[in-house]
Structure formats: structure tokens, C-alpha cells
file structure.tsv (TSV, C-alpha atoms)
chain	number	residue	atom	x	y	z
Q	227	MET	CA	93.53	86.24	87.13
Q	228	SER	CA	94.39	83.01	88.92
Q	229	LEU	CA	97.84	81.43	89.19
Q	230	THR	CA	98.44	77.73	89.66
Q	231	VAL	CA	101.81	76.09	90.22
Q	232	SER	CA	101.89	72.29	90.19
Q	233	ASN	CA	104.52	69.63	90.62
Q	234	VAL	CA	105.19	67.53	87.55
Q	235	ALA	CA	105.24	63.83	88.40
Q	236	ASN	CA	106.65	62.70	85.05
Q	237	PRO	CA	108.77	65.41	83.42
Q	238	LEU	CA	108.88	65.55	79.64
Q	239	GLY	CA	112.66	65.46	79.39
Q	240	THR	CA	115.49	64.46	81.68
Q	241	LEU	CA	118.35	66.18	79.80
Q	242	LEU	CA	118.76	69.85	78.95
Q	243	VAL	CA	121.75	70.22	76.63
Q	244	THR	CA	122.96	73.83	76.37
Q	245	ASP	CA	125.67	75.18	74.06
Q	246	THR	CA	126.27	78.88	74.77
Q	247	GLU	CA	128.57	79.36	71.76
Q	248	ALA	CA	127.19	77.11	69.03
Q	249	ASN	CA	129.18	77.22	65.79
Q	250	GLY	CA	130.33	75.08	62.87
Q	251	THR	CA	132.37	72.80	65.12
Q	252	ALA	CA	130.17	69.88	66.10
Q	253	GLU	CA	129.25	69.24	69.70
Q	254	LYS	CA	129.95	65.53	69.40
Q	255	ASP	CA	127.84	63.05	71.36
Q	256	ALA	CA	126.02	65.71	73.37
Q	257	THR	CA	123.81	62.84	74.50
Q	258	THR	CA	124.97	59.25	74.82
Q	259	GLY	CA	122.91	56.33	73.64
Q	260	GLY	CA	119.40	56.47	72.28
Q	261	GLY	CA	116.61	58.67	73.55
Q	262	THR	CA	113.93	61.12	72.51
Q	263	LYS	CA	114.30	64.77	71.50
Q	264	TYR	CA	111.37	66.96	72.61
Q	265	SER	CA	112.37	70.52	71.75
Q	266	ILE	CA	115.17	72.73	70.51
Q	267	GLN	CA	115.55	76.42	71.25
Q	268	ILE	CA	117.88	78.65	69.20
Q	269	ASP	CA	118.75	82.12	70.50
Q	270	ASN	CA	120.08	84.07	67.51
Q	271	THR	CA	119.37	87.54	68.93
Q	272	LEU	CA	122.97	88.74	68.56
Q	273	ASN	CA	123.28	88.09	64.81
Q	274	THR	CA	122.14	90.01	61.73
Q	275	VAL	CA	121.86	86.87	59.57
Q	276	GLY	CA	119.86	83.69	60.03
Q	277	VAL	CA	121.48	80.49	61.28
Q	278	TYR	CA	120.86	76.78	60.79
Q	279	VAL	CA	121.28	74.30	63.62
Q	280	LYS	CA	121.99	70.84	62.25
Q	281	VAL	CA	121.41	67.81	64.46
Q	282	ALA	CA	122.64	64.30	63.67
Q	283	ASP	CA	121.66	60.97	65.22
Q	284	ASN	CA	125.29	60.03	65.01
Q	285	ALA	CA	128.07	59.20	67.45
Q	286	MET	CA	130.80	61.43	65.99
Q	287	ALA	CA	133.82	59.85	67.62
Q	288	GLY	CA	137.38	60.53	66.61
Q	289	ASN	CA	137.96	62.83	63.63
Q	290	ALA	CA	134.36	62.94	62.36
Q	291	ALA	CA	133.50	66.49	61.36
Q	292	ALA	CA	130.34	68.47	60.82
Q	293	ALA	CA	131.60	69.34	57.33
Q	294	THR	CA	131.16	65.72	56.22
Q	295	THR	CA	128.20	64.60	58.34
Q	296	THR	CA	124.66	64.68	56.98
Q	297	PRO	CA	122.24	65.97	59.63
Q	298	ASN	CA	118.98	64.17	60.40
Q	299	TRP	CA	117.26	67.43	61.37
Q	300	VAL	CA	117.88	71.06	60.36
Q	301	TYR	CA	116.35	74.00	62.27
Q	302	TYR	CA	116.37	77.66	61.20
Q	303	ALA	CA	116.52	80.77	63.39
Q	304	PRO	CA	116.02	84.13	61.66
Q	305	ALA	CA	118.36	87.03	62.40
Q	306	GLY	CA	117.78	88.75	65.72
Q	307	LEU	CA	115.26	86.23	67.06
Q	308	THR	CA	114.90	83.33	69.46
Q	309	VAL	CA	112.83	80.40	68.18
Q	310	THR	CA	111.69	77.18	69.82
Q	311	TYR	CA	110.75	74.06	67.88
Q	312	ALA	CA	108.60	71.49	69.67
Q	313	CYS	CA	108.48	67.83	68.71
Q	314	PRO	CA	105.00	66.68	69.80
Q	315	GLY	CA	105.30	63.13	71.02
Q	316	GLY	CA	109.08	63.43	70.74
Q	317	SER	CA	111.49	62.48	68.00
Q	318	ALA	CA	113.45	59.31	68.69
Q	319	TYR	CA	117.17	58.96	68.12
Q	320	SER	CA	119.12	55.73	68.38
Q	321	THR	CA	122.82	56.52	68.76
Q	322	ALA	CA	123.65	59.98	70.16
Q	323	LEU	CA	122.84	63.59	69.31
Q	324	SER	CA	125.61	65.67	67.80
Q	325	PHE	CA	124.92	69.20	66.55
Q	326	TRP	CA	126.47	72.32	65.02
Q	327	CYS	CA	125.36	75.79	63.91
Q	328	THR	CA	126.19	77.61	60.66
Q	329	THR	CA	124.93	80.36	58.40
Q	330	VAL	CA	124.81	77.92	55.45
Q	331	LYS	CA	121.60	75.98	54.76
Q	332	ALA	CA	123.19	73.09	52.86
Q	333	SER	CA	123.85	69.90	54.80
Q	334	PHE	CA	127.57	69.99	54.19
Q	335	HIS	CA	129.94	71.46	51.63
Q	336	THR	CA	133.60	72.24	51.31
Q	337	GLY	CA	135.53	74.94	49.52
Q	338	SER	CA	133.61	78.12	48.71
Q	339	GLU	CA	130.43	76.75	50.29
Q	340	ALA	CA	132.04	75.58	53.52
Q	341	GLN	CA	130.06	75.72	56.74
Q	342	THR	CA	130.32	79.30	58.04
Q	343	ASP	CA	130.29	80.15	61.74
Q	344	PRO	CA	127.85	82.79	63.00
Q	345	THR	CA	129.54	86.14	63.67
Q	346	ASN	CA	128.23	86.38	67.24
Q	347	LYS	CA	127.21	83.88	69.91
Q	348	VAL	CA	124.24	81.60	69.30
Q	349	VAL	CA	122.76	79.67	72.23
Q	350	VAL	CA	121.23	76.27	71.51
Q	351	ARG	CA	119.18	74.28	74.04
Q	352	ILE	CA	117.90	70.76	73.39
Q	353	LEU	CA	115.43	69.04	75.73
Q	354	ALA	CA	115.74	65.26	75.49
Q	355	THR	CA	115.84	62.01	77.43

call {"tool": "encode", "arguments": {"input": "structure.tsv", "output": "C-alpha cells"}}
result
Amino acid sequence: MSLTVSNVANPLGTLLVTDTEANGTAEKDATTGGGTKYSIQIDNTLNTVGVYVKVADNAMAGNAAAATTTPNWVYYAPAGLTVTYACPGGSAYSTALSFWCTTVKASFHTGSEAQTDPTNKVVVRILAT
């Protein structure tokens, strides 16, 4: 077997956003301004239920909340697993990326269907520019 290690002249992404305790509280404006999202990794190995990471192309300034924001993208991670979603060619966003993680699939609800935090830590990593 042969091993090759090469320098990358033009890296795919310039930002690696990491949230080590993703939950139903939005990480507002994790990126600033427009850019391109290339991948998202969700580590749900500590939970016994699946989780949904919801990402919005939305500057969530002030009192904006995940409970009332419609996500542009929703990613699922089954219980006990780490999954990585790749965006071949990238997925452009125009404002800022804000994201949150819940056990509820629906975009947003209140009352009995409110966004529910995962029981244990979920780690989310987003590679972007």
C-alpha cells in the first residue's frame, strides 16, 4: 500500500463552525455574510433517539428564535451514529447561517409539539466559506 500526503493549494472551505452542545437554542449568525456551505457533520453517538439539525440562511438578530424560524435545510442523524452530509459544488447562502438541533422533525411548533432538546450532547460541524 502506498501513502501520499499533498498540500492543498485551494482548500474547499475556510470556516469550520463547531457546536459541541447543539440543542434547540439557535446558534445565531454562526457565519456572517454570504458564503457557501460544503458539508455538515452531526455526531449523535450519545443519544438513543434521532436528531434533526435545522439550518437557516437567516441573520437571527435580537429576539429571533428557532421556534419561529423556518429552516432552509434539515439534516437527520439517527440515534447512536455520526453522519456527514456533503454538498457537492456547495450550497450558497446569502445572509448568515444560523442553526439548532432538536428531536422534532417539524420545522417549528409551539405547545405540545415544541422543539425538544436532545438528552445528551450532539456535536455539529459545518464546513463553509

call {"tool": "residues_around", "arguments": {"input": "structure.tsv", "residues": "Q:Ala318", "least_positions_apart": "2", "cutoff": "9 Å", "atoms": "all atoms listed in the file", "output": "ChimeraX atom specification"}}
result
/Q:260-264,316,320

call {"tool": "atom_distance", "arguments": {"input": "structure.tsv", "atom1": "atom CA of Q:Asn298", "atom2": "atom CA of Q:Ala354"}}
result
15.5 Å

call {"tool": "residues_around", "arguments": {"input": "structure.tsv", "residues": "Q:Ala256", "least_positions_apart": "3", "cutoff": "8 Å", "atoms": "only C-alpha atoms", "output": "ChimeraX atom specification"}}
result
/Q:243,253,322-325

call {"tool": "residues_near_point", "arguments": {"input": "structure.tsv", "point": "(131.0, 69.0, 65.3)", "cutoff": "7 Å", "atoms": "all atoms listed in the file", "output": "JSON, numbers by chain"}}
result
{"Q": [250, 251, 252, 253, 254, 291, 292, 324, 325, 326]}

call {"tool": "residues_around", "arguments": {"input": "structure.tsv", "residues": "Q:Asn273", "least_positions_apart": "3", "cutoff": "12 Å", "atoms": "all atoms listed in the file", "output": "PyMOL selection string"}}
result
chain Q and resi 268-270+276-277+303-308+328-329+343-349

call {"tool": "atom_distance", "arguments": {"input": "structure.tsv", "atom1": "atom CA of Q:Leu238", "atom2": "atom CA of Q:Ala312"}}
result
11.6 Å

call {"tool": "closest_residue", "arguments": {"input": "structure.tsv", "among": "Q:Asn249, Q:Thr271, Q:Thr244, Q:Thr257", "to": "Q:Asn284", "atoms": "all atoms listed in the file"}}
result
Q:Thr257

call {"tool": "atom_distance", "arguments": {"input": "structure.tsv", "atom1": "atom CA of Q:Ala248", "atom2": "atom CA of Q:Cys327"}}
result
5.6 Å

call {"tool": "residues_around", "arguments": {"input": "structure.tsv", "residues": "Q:Ser265", "least_positions_apart": "5", "cutoff": "10 Å", "atoms": "all atoms listed in the file", "output": "list in words"}}
result
Leu238, Gly239, Leu242, Thr310, Tyr311, Ala312, Cys313, Pro314, Gly316, Ser317, Arg351, Ile352, Leu353 and Ala354 of chain Q

call {"tool": "decode", "arguments": {"input": "structure.tsv", "residues": "stretch 237-248 of chain Q", "atoms": "N, CA and C atoms", "output": "PDB file, in the first residue's frame"}}
result
ATOM      1  N   PRO Q 237      -8.105  25.307  -0.563  1.00  0.00           N
ATOM      2  CA  PRO Q 237      -8.960  24.486   0.292  1.00  0.00           C
ATOM      3  C   PRO Q 237     -10.440  24.681  -0.040  1.00  0.00           C
ATOM      4  N   LEU Q 238     -11.207  23.635   0.223  1.00  0.00           N
ATOM      5  CA  LEU Q 238     -12.641  23.668  -0.069  1.00  0.00           C
ATOM      6  C   LEU Q 238     -13.362  24.717   0.759  1.00  0.00           C
ATOM      7  N   GLY Q 239     -13.096  24.737   2.047  1.00  0.00           N
ATOM      8  CA  GLY Q 239     -13.755  25.690   2.930  1.00  0.00           C
ATOM      9  C   GLY Q 239     -12.742  26.480   3.728  1.00  0.00           C
ATOM     10  N   THR Q 240     -13.152  27.641   4.195  1.00  0.00           N
ATOM     11  CA  THR Q 240     -12.269  28.478   5.004  1.00  0.00           C
ATOM     12  C   THR Q 240     -12.791  28.625   6.438  1.00  0.00           C
ATOM     13  N   LEU Q 241     -14.004  28.125   6.709  1.00  0.00           N
ATOM     14  CA  LEU Q 241     -14.595  28.185   8.041  1.00  0.00           C
ATOM     15  C   LEU Q 241     -15.007  26.786   8.480  1.00  0.00           C
ATOM     16  N   LEU Q 242     -14.655  26.427   9.701  1.00  0.00           N
ATOM     17  CA  LEU Q 242     -15.180  25.214  10.307  1.00  0.00           C
ATOM     18  C   LEU Q 242     -15.915  25.651  11.566  1.00  0.00           C
ATOM     19  N   VAL Q 243     -17.234  25.620  11.505  1.00  0.00           N
ATOM     20  CA  VAL Q 243     -18.075  26.025  12.631  1.00  0.00           C
ATOM     21  C   VAL Q 243     -18.369  24.771  13.444  1.00  0.00           C
ATOM     22  N   THR Q 244     -18.055  24.791  14.739  1.00  0.00           N
ATOM     23  CA  THR Q 244     -18.276  23.631  15.599  1.00  0.00           C
ATOM     24  C   THR Q 244     -19.100  24.034  16.814  1.00  0.00           C
ATOM     25  N   ASP Q 245     -20.196  23.310  17.046  1.00  0.00           N
ATOM     26  CA  ASP Q 245     -21.013  23.487  18.243  1.00  0.00           C
ATOM     27  C   ASP Q 245     -20.956  22.161  18.989  1.00  0.00           C
ATOM     28  N   THR Q 246     -20.318  22.142  20.157  1.00  0.00           N
ATOM     29  CA  THR Q 246     -20.135  20.898  20.898  1.00  0.00           C
ATOM     30  C   THR Q 246     -21.324  20.526  21.778  1.00  0.00           C
ATOM     31  N   GLU Q 247     -22.323  21.395  21.855  1.00  0.00           N
ATOM     32  CA  GLU Q 247     -23.537  21.108  22.624  1.00  0.00           C
ATOM     33  C   GLU Q 247     -24.750  21.657  21.887  1.00  0.00           C
ATOM     34  N   ALA Q 248     -24.951  21.199  20.670  1.00  0.00           N
ATOM     35  CA  ALA Q 248     -26.069  21.691  19.856  1.00  0.00           C
ATOM     36  C   ALA Q 248     -27.396  21.292  20.497  1.00  0.00           C
TER      37      ALA Q 248
END
